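Accompanying notes for the structure given below.
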Amino acid sequence: MTDATTPAAQTGPAIQLAEVQFRWRARAPLVLDIPALTVAAGERLFLRGPSGSGKSTLLALLGGVTTPQYGTVEVLGQPLHRLGGARRDAFRADHIGYIFQMFNLIPYLSVLDNVLLPCRFSHQRAQRVAARGAARSEALHLLRRLGLDGALAARAVTELSVGQQQRVAAARALLGGPELIIADEPTSALDADHRAAVVEVLLGECAALGSTLVFVSHDRALEPLFHRALCLTELNRAGTV
Amino acid sequence: MAMLSLTLRSLLNRRYTALLTISAIALSTALLLGVERVRVEARAGFAQTISGTDLVVGARSGQVQLLLYAIFRLGNPTNNMRWDSYRAIARHPAVAWSVPLMLGDAHRGFRVLGTTPDYFTHYRYGRGRALEFAAGQPFADVFDAVLGADVARQLGYALGHDIVISHGTGAVSFVQHDTLPFRVVGILAKSGTPVDRTIHVGLAGIEAVHLGWEGGTAPRHAPTAAAVRAMELTPQAISAVLVGLESRLALFGVQREINHYAGEPLTAVIPGVALQELWDLIGVAERALLAISACVVGVGLLGMLTAILSGLNERRREMAILRSVGARPLQVFGLLMSEAWLLALLGAILGVVLLYGALWLGRPLIEAQWGLYLAIGPLAPREWAVLAIILGAGTLIGAVPGYRAYRYSLADGLTVRV
């Protein structure tokens with residue numbers, strides 16, 4: 001399933017979880033208990049699961065915001081479970097693009113500055129953007145490919161529709177071509193027309209960049225667009241208890 | 001730093017709240033600096049109520065008490081000193097000049113000072129400023145009077161006005177020396193010293209109105225003005241003497257000599273030393289004012305804390321977004337802390353601007369009203385220290401929302417809580 005556009009430096013799976021157990025506090029019940037999960041580099045994975053199935057926790061583990069009590073979480077070959085908090089934050093800044101369900105944008109920054117936000121925190125991503133040309137023009141280019149014209153870039157994000165906001169968020173996640181894109185129900189706030197449009201451009205860009213995509217959604221109609229679909233309740237033994 | 005420009009943009013986005021917060025800090029900073037500056041200037045002005053006079057001599061008493069009645073016209077001398085003691089001091093080889101002072105009478109609440117015309121040349125205030133006449137000239141005749149600036153202004157007197165001196169120093173007196181009125185021949189310019197509230201007459205004038213009063217009651221047949229002028233009117237006793245020395249090197253020697261004068265018990269005080277002692281007494285009020293101003297600054301900074309904290313919950317989403325693009329919790333802490341720092345910095349800068357604006361606008365008014373001259377100089381080291389403390393306290397206060405945001409961003413992670 002490895003795509004032809006996979007970055008050359010990267011070999012092996014993008015994500016590999018083994019015997020992962022997670023609970024928020026020492027005596028709290030298990031939230032996650034995943035024996036194994038492997039996502040190949042360049043794979044576009046559809047992940048579905050009802051609320052409370054541990055989706056947010058799984059994404060927090062993949063994003064390196066938290067670490068499991070047991071088991072290993074390897075992302076792009078990095079053992080996140082063994083890295084310290086600051087290293088994991090730096091790793092996320094360098095290699096992961098993140099899209100939220102809604103309210104993705106910082107209200108006091110312009111559209112363009114929202115897209116360029118990762119460059120403030122990751123030198124590596126700033127460099128990768130710079131390698132393709134000036135950061136501004138690269139951001140504008142991304143926005144255009146996502147169907148947002150340049151006139152929008154200077155606008156305040158509060159003037160955008162929800163659909164436009166989600167595209168801006170996608171542009172931010174894709175900026176600098178991070179190896180892993182995590183999308184947490186990015187289309188659930190959109191109506192059907194916009195939903196398809198956003199998913200299509202996101203899939204298209206991931207394919208073009210060779211990025212691995214983990215796409216969380218309830219919307220089973222979108223499943224055929226992905227390489228593989230997983231249900232978290234089947235994956236997570238803790239959820240069934 | 002990446003966060004500082006974010007802080008700036010974030011504050012600009014909330015510019016009305018930010019502006020209010022900055023204004024509160026600026027006003028309180030200006031108040032504190034203003035109080036500090038007025039305090040320093042008032043203290044300097046107070047210490048310069050009298051200058052150029054080396055010793056103030058009176059009958060044996062405490063040095064503050066002597067200073068209070070001789071210079072500030074407050075209270076009364078417990079004892080007078082004899083005229084021949086004054087003559088002995090005046091003849092002393094180390095003494096360059098001496099001006100006798102006689103107190104005890106008043107006119108509508110303002111003290112009447114009996115002295116010699118030398119008073120107007122030798123009494124100095126500030127950095128050696130002499131008294132100036134706004135109108136007229138020093139007294140020459142027995143019944144001439146020279147008014148301080150406040151006396152003339154408050155009572156509405158002009159040159160040529162007749163005034164009657166009352167016996168005793170109360171505002172309302174039932175015993176008037178009304179057979180012998182004085183005529184205003186001079187009005188002094190504002191000096192910001194107790195001179196402004198004094199009516200000056202010759203020693204002979206004080207003697208004249210008391211002729212026949214030796215028993216303490218009004219004489220049955222008061223003499224006429226013409227008859228008085230013909231009399232020898234040297235007083236038997238005076239209240240105090242201002243003394244200027246040939247050389248300040250002799251200061252302590254002469255002071256000791258006068259304090260051990262064999263003729264009668266006398267006290268000689270060095271005005272600067274006594275003024276310092278007096279200021280220490282009334283300095284409590286000054287320190288209280290300073291403390292209140294400091295509290296106002298504290299309130300201003302607490303206002304900032306409230307403003308930042310109240311907006312914090314709505315900003316949890318923003319923090320999750322920042323974390324998703326790789327911000328460390330410590331950077332989120334820094335975002336909030338630098339916000340407080342920036343607000344305090346802008347507040348302090350605006351406060352200094354306000355201070356100088358107020359000084360520039362208020363200086364003529366303050367000088368005319370209270371005779372207090374406020375210098376518009378650069379910030380003094382103490383004022384810099386005050387600003388540094390405000391900035392430091394503001395930044396430290398920022399640690400409170402900073403810590404809460406830090407906790408939020410750890411707990412929320414990438415979960416957007418709305």
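Residues are referred to by chain and number: the chain letter is A, B, ... according to the order shown in the structure tokens, the number counts from 1 in that chain, and ligands are numbered separately from 1 in the order shown.
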Using only C-alpha atoms, find the residues of chain A whose closest atom to chain B is at most 8 Å away, then write them as a JSON list (two decimals) with C-alpha atoms, in the first residue's frame.
[["chain", "number", "residue", "atom", "x", "y", "z"],
["A", 56, "SER", "CA", -9.22, 11.60, 21.28],
["A", 60, "ALA", "CA", -3.23, 12.44, 21.67],
["A", 63, "GLY", "CA", 0.42, 13.51, 18.34],
["A", 65, "VAL", "CA", 0.78, 15.02, 23.63],
["A", 66, "THR", "CA", 0.76, 12.17, 26.07],
["A", 85, "GLY", "CA", 7.57, 16.24, 26.61],
["A", 86, "ALA", "CA", 9.63, 18.94, 24.89],
["A", 89, "ASP", "CA", 6.31, 18.77, 21.11],
["A", 90, "ALA", "CA", 9.22, 19.45, 18.77],
["A", 91, "PHE", "CA", 8.51, 16.22, 16.91],
["A", 92, "ARG", "CA", 4.87, 17.19, 16.47],
["A", 93, "ALA", "CA", 5.87, 20.62, 15.21],
["A", 94, "ASP", "CA", 8.28, 19.13, 12.69],
["A", 96, "ILE", "CA", 2.66, 16.26, 12.11],
["A", 97, "GLY", "CA", -0.13, 18.35, 10.65],
["A", 98, "TYR", "CA", -3.28, 18.48, 12.75],
["A", 100, "PHE", "CA", -9.56, 19.85, 14.37],
["A", 103, "PHE", "CA", -12.54, 26.34, 15.43],
["A", 104, "ASN", "CA", -9.18, 25.50, 13.95],
["A", 105, "LEU", "CA", -7.99, 29.03, 13.51],
["A", 106, "ILE", "CA", -6.49, 31.60, 15.82],
["A", 108, "TYR", "CA", -6.35, 37.27, 16.00],
["A", 109, "LEU", "CA", -4.24, 36.11, 13.08],
["A", 117, "LEU", "CA", 1.69, 29.28, 12.13],
["A", 118, "PRO", "CA", 3.67, 25.97, 12.11],
["A", 120, "ARG", "CA", 6.83, 29.77, 14.10],
["A", 121, "PHE", "CA", 7.31, 26.57, 16.06],
["A", 122, "SER", "CA", 9.27, 24.36, 13.73]]
key: Those in segment 9-51 of chain A with strand (DSSP E) from DSSP, as JSON, numbers by chain   = {"A": [15, 16, 17, 18, 19, 20, 21, 22, 32, 33, 34, 35, 36, 37, 38, 39, 44, 45, 46, 47, 48]}
ask   = Using only C-alpha atoms, which residues sit within 8 Å of segment 24-35 of chain A once same-chain residues fewer than 5 positions away are excluded, as a list of chain:residue names?
value = A:Leu17, A:Ala18, A:Glu19, A:Ser53, A:Gly54, A:Thr57, A:Leu58, A:Leu235, A:Asn236, A:Arg237, A:Ala238, A:Gly239
Shell of 12 Å around Leu74 of chain B, only C-alpha atoms, local chain residues under 2 positions omitted, as a VMD selection string = chain B and resid 64 to 72 76 to 77 103 to 104 109 to 112 169 to 170 194 197 to 198
Dump of N, CA and C atoms for the selected residues, as a PDB file, in the first residue's frame:
ATOM      1  N   VAL B  64      12.770  71.971  67.717  1.00  0.00           N
ATOM      2  CA  VAL B  64      11.630  71.959  66.807  1.00  0.00           C
ATOM      3  C   VAL B  64      10.637  73.050  67.185  1.00  0.00           C
ATOM      4  N   GLN B  65      10.433  73.210  68.497  1.00  0.00           N
ATOM      5  CA  GLN B  65       9.487  74.233  68.954  1.00  0.00           C
ATOM      6  C   GLN B  65       9.956  75.630  68.548  1.00  0.00           C
ATOM      7  N   LEU B  66      11.247  75.863  68.720  1.00  0.00           N
ATOM      8  CA  LEU B  66      11.817  77.163  68.348  1.00  0.00           C
ATOM      9  C   LEU B  66      11.621  77.422  66.851  1.00  0.00           C
ATOM     10  N   LEU B  67      11.899  76.391  66.080  1.00  0.00           N
ATOM     11  CA  LEU B  67      11.747  76.510  64.629  1.00  0.00           C
ATOM     12  C   LEU B  67      10.287  76.761  64.253  1.00  0.00           C
ATOM     13  N   LEU B  68       9.383  76.045  64.937  1.00  0.00           N
ATOM     14  CA  LEU B  68       7.961  76.172  64.631  1.00  0.00           C
ATOM     15  C   LEU B  68       7.476  77.596  64.829  1.00  0.00           C
ATOM     16  N   TYR B  69       7.838  78.209  65.945  1.00  0.00           N
ATOM     17  CA  TYR B  69       7.282  79.553  66.131  1.00  0.00           C
ATOM     18  C   TYR B  69       8.078  80.615  65.410  1.00  0.00           C
ATOM     19  N   ALA B  70       9.412  80.449  65.329  1.00  0.00           N
ATOM     20  CA  ALA B  70      10.224  81.496  64.713  1.00  0.00           C
ATOM     21  C   ALA B  70      10.082  81.505  63.195  1.00  0.00           C
ATOM     22  N   ILE B  71      10.009  80.324  62.585  1.00  0.00           N
ATOM     23  CA  ILE B  71      10.002  80.261  61.119  1.00  0.00           C
ATOM     24  C   ILE B  71       8.613  79.957  60.563  1.00  0.00           C
ATOM     25  N   PHE B  72       7.924  78.988  61.196  1.00  0.00           N
ATOM     26  CA  PHE B  72       6.631  78.582  60.643  1.00  0.00           C
ATOM     27  C   PHE B  72       5.456  79.320  61.249  1.00  0.00           C
ATOM     28  N   ASN B  76       3.411  79.415  70.091  1.00  0.00           N
ATOM     29  CA  ASN B  76       3.926  80.650  70.662  1.00  0.00           C
ATOM     30  C   ASN B  76       5.197  80.352  71.419  1.00  0.00           C
ATOM     31  N   PRO B  77       6.081  81.349  71.481  1.00  0.00           N
ATOM     32  CA  PRO B  77       7.280  81.170  72.315  1.00  0.00           C
ATOM     33  C   PRO B  77       6.855  81.032  73.773  1.00  0.00           C
ATOM     34  N   LEU B 103       7.006  88.121  68.011  1.00  0.00           N
ATOM     35  CA  LEU B 103       5.713  87.546  67.645  1.00  0.00           C
ATOM     36  C   LEU B 103       4.737  87.691  68.800  1.00  0.00           C
ATOM     37  N   GLY B 104       3.492  87.437  68.538  1.00  0.00           N
ATOM     38  CA  GLY B 104       2.521  87.475  69.630  1.00  0.00           C
ATOM     39  C   GLY B 104       1.219  88.153  69.262  1.00  0.00           C
ATOM     40  N   GLY B 109      -6.334  86.429  62.014  1.00  0.00           N
ATOM     41  CA  GLY B 109      -5.807  85.074  61.909  1.00  0.00           C
ATOM     42  C   GLY B 109      -4.407  84.988  61.338  1.00  0.00           C
ATOM     43  N   PHE B 110      -3.917  86.059  60.749  1.00  0.00           N
ATOM     44  CA  PHE B 110      -2.549  86.038  60.229  1.00  0.00           C
ATOM     45  C   PHE B 110      -1.598  86.619  61.264  1.00  0.00           C
ATOM     46  N   ARG B 111      -0.462  85.947  61.445  1.00  0.00           N
ATOM     47  CA  ARG B 111       0.491  86.391  62.453  1.00  0.00           C
ATOM     48  C   ARG B 111       1.123  87.715  62.051  1.00  0.00           C
ATOM     49  N   VAL B 112       1.361  88.530  63.059  1.00  0.00           N
ATOM     50  CA  VAL B 112       2.084  89.775  62.850  1.00  0.00           C
ATOM     51  C   VAL B 112       3.498  89.574  63.374  1.00  0.00           C
ATOM     52  N   THR B 169      -3.121  85.829  69.260  1.00  0.00           N
ATOM     53  CA  THR B 169      -2.923  85.288  67.927  1.00  0.00           C
ATOM     54  C   THR B 169      -4.156  84.609  67.351  1.00  0.00           C
ATOM     55  N   GLY B 170      -5.309  84.745  68.010  1.00  0.00           N
ATOM     56  CA  GLY B 170      -6.511  84.081  67.495  1.00  0.00           C
ATOM     57  C   GLY B 170      -7.060  84.796  66.288  1.00  0.00           C
ATOM     58  N   PRO B 194       6.246  80.252  54.931  1.00  0.00           N
ATOM     59  CA  PRO B 194       5.312  80.875  55.881  1.00  0.00           C
ATOM     60  C   PRO B 194       5.312  82.399  55.797  1.00  0.00           C
ATOM     61  N   ARG B 197       2.176  84.090  54.715  1.00  0.00           N
ATOM     62  CA  ARG B 197       1.026  84.210  55.627  1.00  0.00           C
ATOM     63  C   ARG B 197       1.336  85.132  56.809  1.00  0.00           C
ATOM     64  N   THR B 198       2.293  86.011  56.634  1.00  0.00           N
ATOM     65  CA  THR B 198       2.732  86.855  57.730  1.00  0.00           C
ATOM     66  C   THR B 198       2.544  88.336  57.383  1.00  0.00           C
TER      67      THR B 198
END
message = Which residues are near Ser137 of chain A? Cut-off 12 Å, only C-alpha atoms, ignore same chain within fewer than 5 positions. Put them as a ChimeraX atom specification.
response = /A:112,115-116,129-132,142-144,150,153,175
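If you measure from each of B:Val38, B:Ile199, B:Ile270, B:Ala90 to Ala106 of chain B using only C-alpha atoms, the closest one turns out to be B:Ile199.
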request  = Find the residues around Gly126 of chain B up to 9 Å (only C-alpha atoms counted), leave out those fewer than 6 positions away in its own chain, and share them as an MDAnalysis selection string.
outcome  = chainID B and resid 44:51 191
Preceding selection exported with C-alpha atoms as a PDB file, in the first residue's frame:
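What follows is the written file selection-v1.pdb:
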ATOM      1  CA  ALA B  44      13.492  69.850  49.318  1.00  0.00           C
ATOM      2  CA  GLY B  45      11.220  72.897  49.379  1.00  0.00           C
ATOM      3  CA  PHE B  46      10.553  72.376  53.068  1.00  0.00           C
ATOM      4  CA  ALA B  47      14.250  72.072  53.818  1.00  0.00           C
ATOM      5  CA  GLN B  48      14.644  75.323  51.927  1.00  0.00           C
ATOM      6  CA  THR B  49      11.937  77.206  53.830  1.00  0.00           C
ATOM      7  CA  ILE B  50      14.804  79.161  55.218  1.00  0.00           C
ATOM      8  CA  SER B  51      18.263  79.290  53.755  1.00  0.00           C
ATOM      9  CA  SER B 191       7.473  82.498  48.079  1.00  0.00           C
TER      10      SER B 191
END
ask   = Taking into account only C-alpha atoms, which residue in the set B:Val284, B:Ala262, B:Leu354, B:Pro401 is nearest to Ile25 of chain B?
value =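 Distance minimum relative to Ile25 of chain B lands on B:Leu354.
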query = If you run DSSP on the backbone, which residues of segment 344-386 of chain B are alpha helix (DSSP H), as a PyMOL selection string?
reply = chain B and resi 344-370+381-386
Would you write out those residues with N, CA and C atoms, as an mmCIF file, in the first residue's frame?
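Contents of the output file result-v7.cif:
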data_model
loop_
_atom_site.group_PDB
_atom_site.id
_atom_site.type_symbol
_atom_site.label_atom_id
_atom_site.label_comp_id
_atom_site.auth_asym_id
_atom_site.auth_seq_id
_atom_site.Cartn_x
_atom_site.Cartn_y
_atom_site.Cartn_z
ATOM 1 N N ALA B 344 2.109 45.570 31.419
ATOM 2 C CA ALA B 344 2.746 46.346 32.472
ATOM 3 C C ALA B 344 3.760 47.321 31.880
ATOM 4 N N LEU B 345 4.490 46.855 30.858
ATOM 5 C CA LEU B 345 5.497 47.716 30.223
ATOM 6 C C LEU B 345 4.830 48.924 29.570
ATOM 7 N N LEU B 346 3.794 48.651 28.768
ATOM 8 C CA LEU B 346 3.100 49.746 28.093
ATOM 9 C C LEU B 346 2.457 50.678 29.113
ATOM 10 N N GLY B 347 1.901 50.075 30.184
ATOM 11 C CA GLY B 347 1.297 50.882 31.243
ATOM 12 C C GLY B 347 2.325 51.787 31.902
ATOM 13 N N ALA B 348 3.491 51.236 32.175
ATOM 14 C CA ALA B 348 4.538 52.016 32.834
ATOM 15 C C ALA B 348 5.015 53.145 31.930
ATOM 16 N N ILE B 349 5.187 52.828 30.635
ATOM 17 C CA ILE B 349 5.648 53.863 29.698
ATOM 18 C C ILE B 349 4.605 54.980 29.593
ATOM 19 N N LEU B 350 3.341 54.577 29.435
ATOM 20 C CA LEU B 350 2.277 55.572 29.345
ATOM 21 C C LEU B 350 2.182 56.369 30.649
ATOM 22 N N GLY B 351 2.432 55.695 31.765
ATOM 23 C CA GLY B 351 2.406 56.373 33.070
ATOM 24 C C GLY B 351 3.449 57.468 33.138
ATOM 25 N N VAL B 352 4.636 57.188 32.622
ATOM 26 C CA VAL B 352 5.697 58.200 32.630
ATOM 27 C C VAL B 352 5.299 59.377 31.735
ATOM 28 N N VAL B 353 4.703 59.038 30.574
ATOM 29 C CA VAL B 353 4.243 60.100 29.674
ATOM 30 C C VAL B 353 3.200 60.979 30.380
ATOM 31 N N LEU B 354 2.260 60.304 31.060
ATOM 32 C CA LEU B 354 1.223 61.033 31.796
ATOM 33 C C LEU B 354 1.843 61.917 32.869
ATOM 34 N N LEU B 355 2.843 61.373 33.563
ATOM 35 C CA LEU B 355 3.500 62.126 34.642
ATOM 36 C C LEU B 355 4.090 63.423 34.103
ATOM 37 N N TYR B 356 4.826 63.302 32.986
ATOM 38 C CA TYR B 356 5.471 64.501 32.456
ATOM 39 C C TYR B 356 4.438 65.483 31.905
ATOM 40 N N GLY B 357 3.376 64.923 31.296
ATOM 41 C CA GLY B 357 2.303 65.784 30.826
ATOM 42 C C GLY B 357 1.679 66.558 31.969
ATOM 43 N N ALA B 358 1.403 65.845 33.067
ATOM 44 C CA ALA B 358 0.774 66.472 34.231
ATOM 45 C C ALA B 358 1.723 67.497 34.850
ATOM 46 N N LEU B 359 2.999 67.151 34.900
ATOM 47 C CA LEU B 359 3.976 68.091 35.471
ATOM 48 C C LEU B 359 4.025 69.360 34.632
ATOM 49 N N TRP B 360 4.043 69.143 33.328
ATOM 50 C CA TRP B 360 4.170 70.273 32.418
ATOM 51 C C TRP B 360 2.949 71.186 32.530
ATOM 52 N N LEU B 361 1.770 70.549 32.604
ATOM 53 C CA LEU B 361 0.534 71.328 32.692
ATOM 54 C C LEU B 361 0.350 71.937 34.078
ATOM 55 N N GLY B 362 0.687 71.143 35.101
ATOM 56 C CA GLY B 362 0.342 71.552 36.463
ATOM 57 C C GLY B 362 1.379 72.408 37.151
ATOM 58 N N ARG B 363 2.568 72.460 36.577
ATOM 59 C CA ARG B 363 3.642 73.143 37.274
ATOM 60 C C ARG B 363 3.340 74.621 37.590
ATOM 61 N N PRO B 364 2.866 75.401 36.604
ATOM 62 C CA PRO B 364 2.610 76.811 36.920
ATOM 63 C C PRO B 364 1.553 76.952 38.019
ATOM 64 N N LEU B 365 0.550 76.085 37.944
ATOM 65 C CA LEU B 365 -0.542 76.137 38.917
ATOM 66 C C LEU B 365 -0.038 75.799 40.308
ATOM 67 N N ILE B 366 0.752 74.742 40.393
ATOM 68 C CA ILE B 366 1.253 74.303 41.692
ATOM 69 C C ILE B 366 2.191 75.341 42.291
ATOM 70 N N GLU B 367 2.979 75.954 41.438
ATOM 71 C CA GLU B 367 3.901 76.951 41.972
ATOM 72 C C GLU B 367 3.136 78.175 42.464
ATOM 73 N N ALA B 368 2.096 78.563 41.712
ATOM 74 C CA ALA B 368 1.327 79.735 42.120
ATOM 75 C C ALA B 368 0.523 79.442 43.384
ATOM 76 N N GLN B 369 0.017 78.207 43.473
ATOM 77 C CA GLN B 369 -0.874 77.871 44.583
ATOM 78 C C GLN B 369 -0.112 77.564 45.862
ATOM 79 N N TRP B 370 0.912 76.781 45.757
ATOM 80 C CA TRP B 370 1.611 76.328 46.958
ATOM 81 C C TRP B 370 3.076 76.753 47.015
ATOM 82 N N PRO B 381 16.838 58.007 40.067
ATOM 83 C CA PRO B 381 17.083 56.568 40.287
ATOM 84 C C PRO B 381 15.948 55.895 41.052
ATOM 85 N N ARG B 382 15.407 56.592 42.038
ATOM 86 C CA ARG B 382 14.284 56.013 42.800
ATOM 87 C C ARG B 382 13.081 55.778 41.907
ATOM 88 N N GLU B 383 12.849 56.715 40.965
ATOM 89 C CA GLU B 383 11.696 56.573 40.068
ATOM 90 C C GLU B 383 11.913 55.412 39.098
ATOM 91 N N TRP B 384 13.143 55.266 38.646
ATOM 92 C CA TRP B 384 13.460 54.096 37.808
ATOM 93 C C TRP B 384 13.201 52.814 38.592
ATOM 94 N N ALA B 385 13.586 52.841 39.863
ATOM 95 C CA ALA B 385 13.381 51.656 40.704
ATOM 96 C C ALA B 385 11.890 51.354 40.840
ATOM 97 N N VAL B 386 11.086 52.413 41.013
ATOM 98 C CA VAL B 386 9.634 52.235 41.117
ATOM 99 C C VAL B 386 9.104 51.576 39.842
#
inquiry  = Which residues are near Leu131 of chain B? Cut-off 8 Å, only C-alpha atoms, ignore same chain within fewer than 2 positions. Put them as a ChimeraX atom specification.
reply    = /B:120-121,123-125,129,133,188-189,191
Any chance you could export the current selection's C-alpha atoms as a CSV table (one decimal), in the first residue's frame?
chain,number,residue,atom,x,y,z
B,120,PHE,CA,13.8,91.5,53.8
B,121,THR,CA,17.5,91.4,52.7
B,123,TYR,CA,15.7,86.2,54.9
B,124,ARG,CA,16.4,83.7,52.1
B,125,TYR,CA,14.5,80.6,50.9
B,129,ARG,CA,16.3,83.3,46.8
B,133,PHE,CA,8.2,92.9,46.6
B,188,LEU,CA,5.6,90.5,49.0
B,189,ALA,CA,5.6,88.1,46.0
B,191,SER,CA,7.5,82.5,48.1
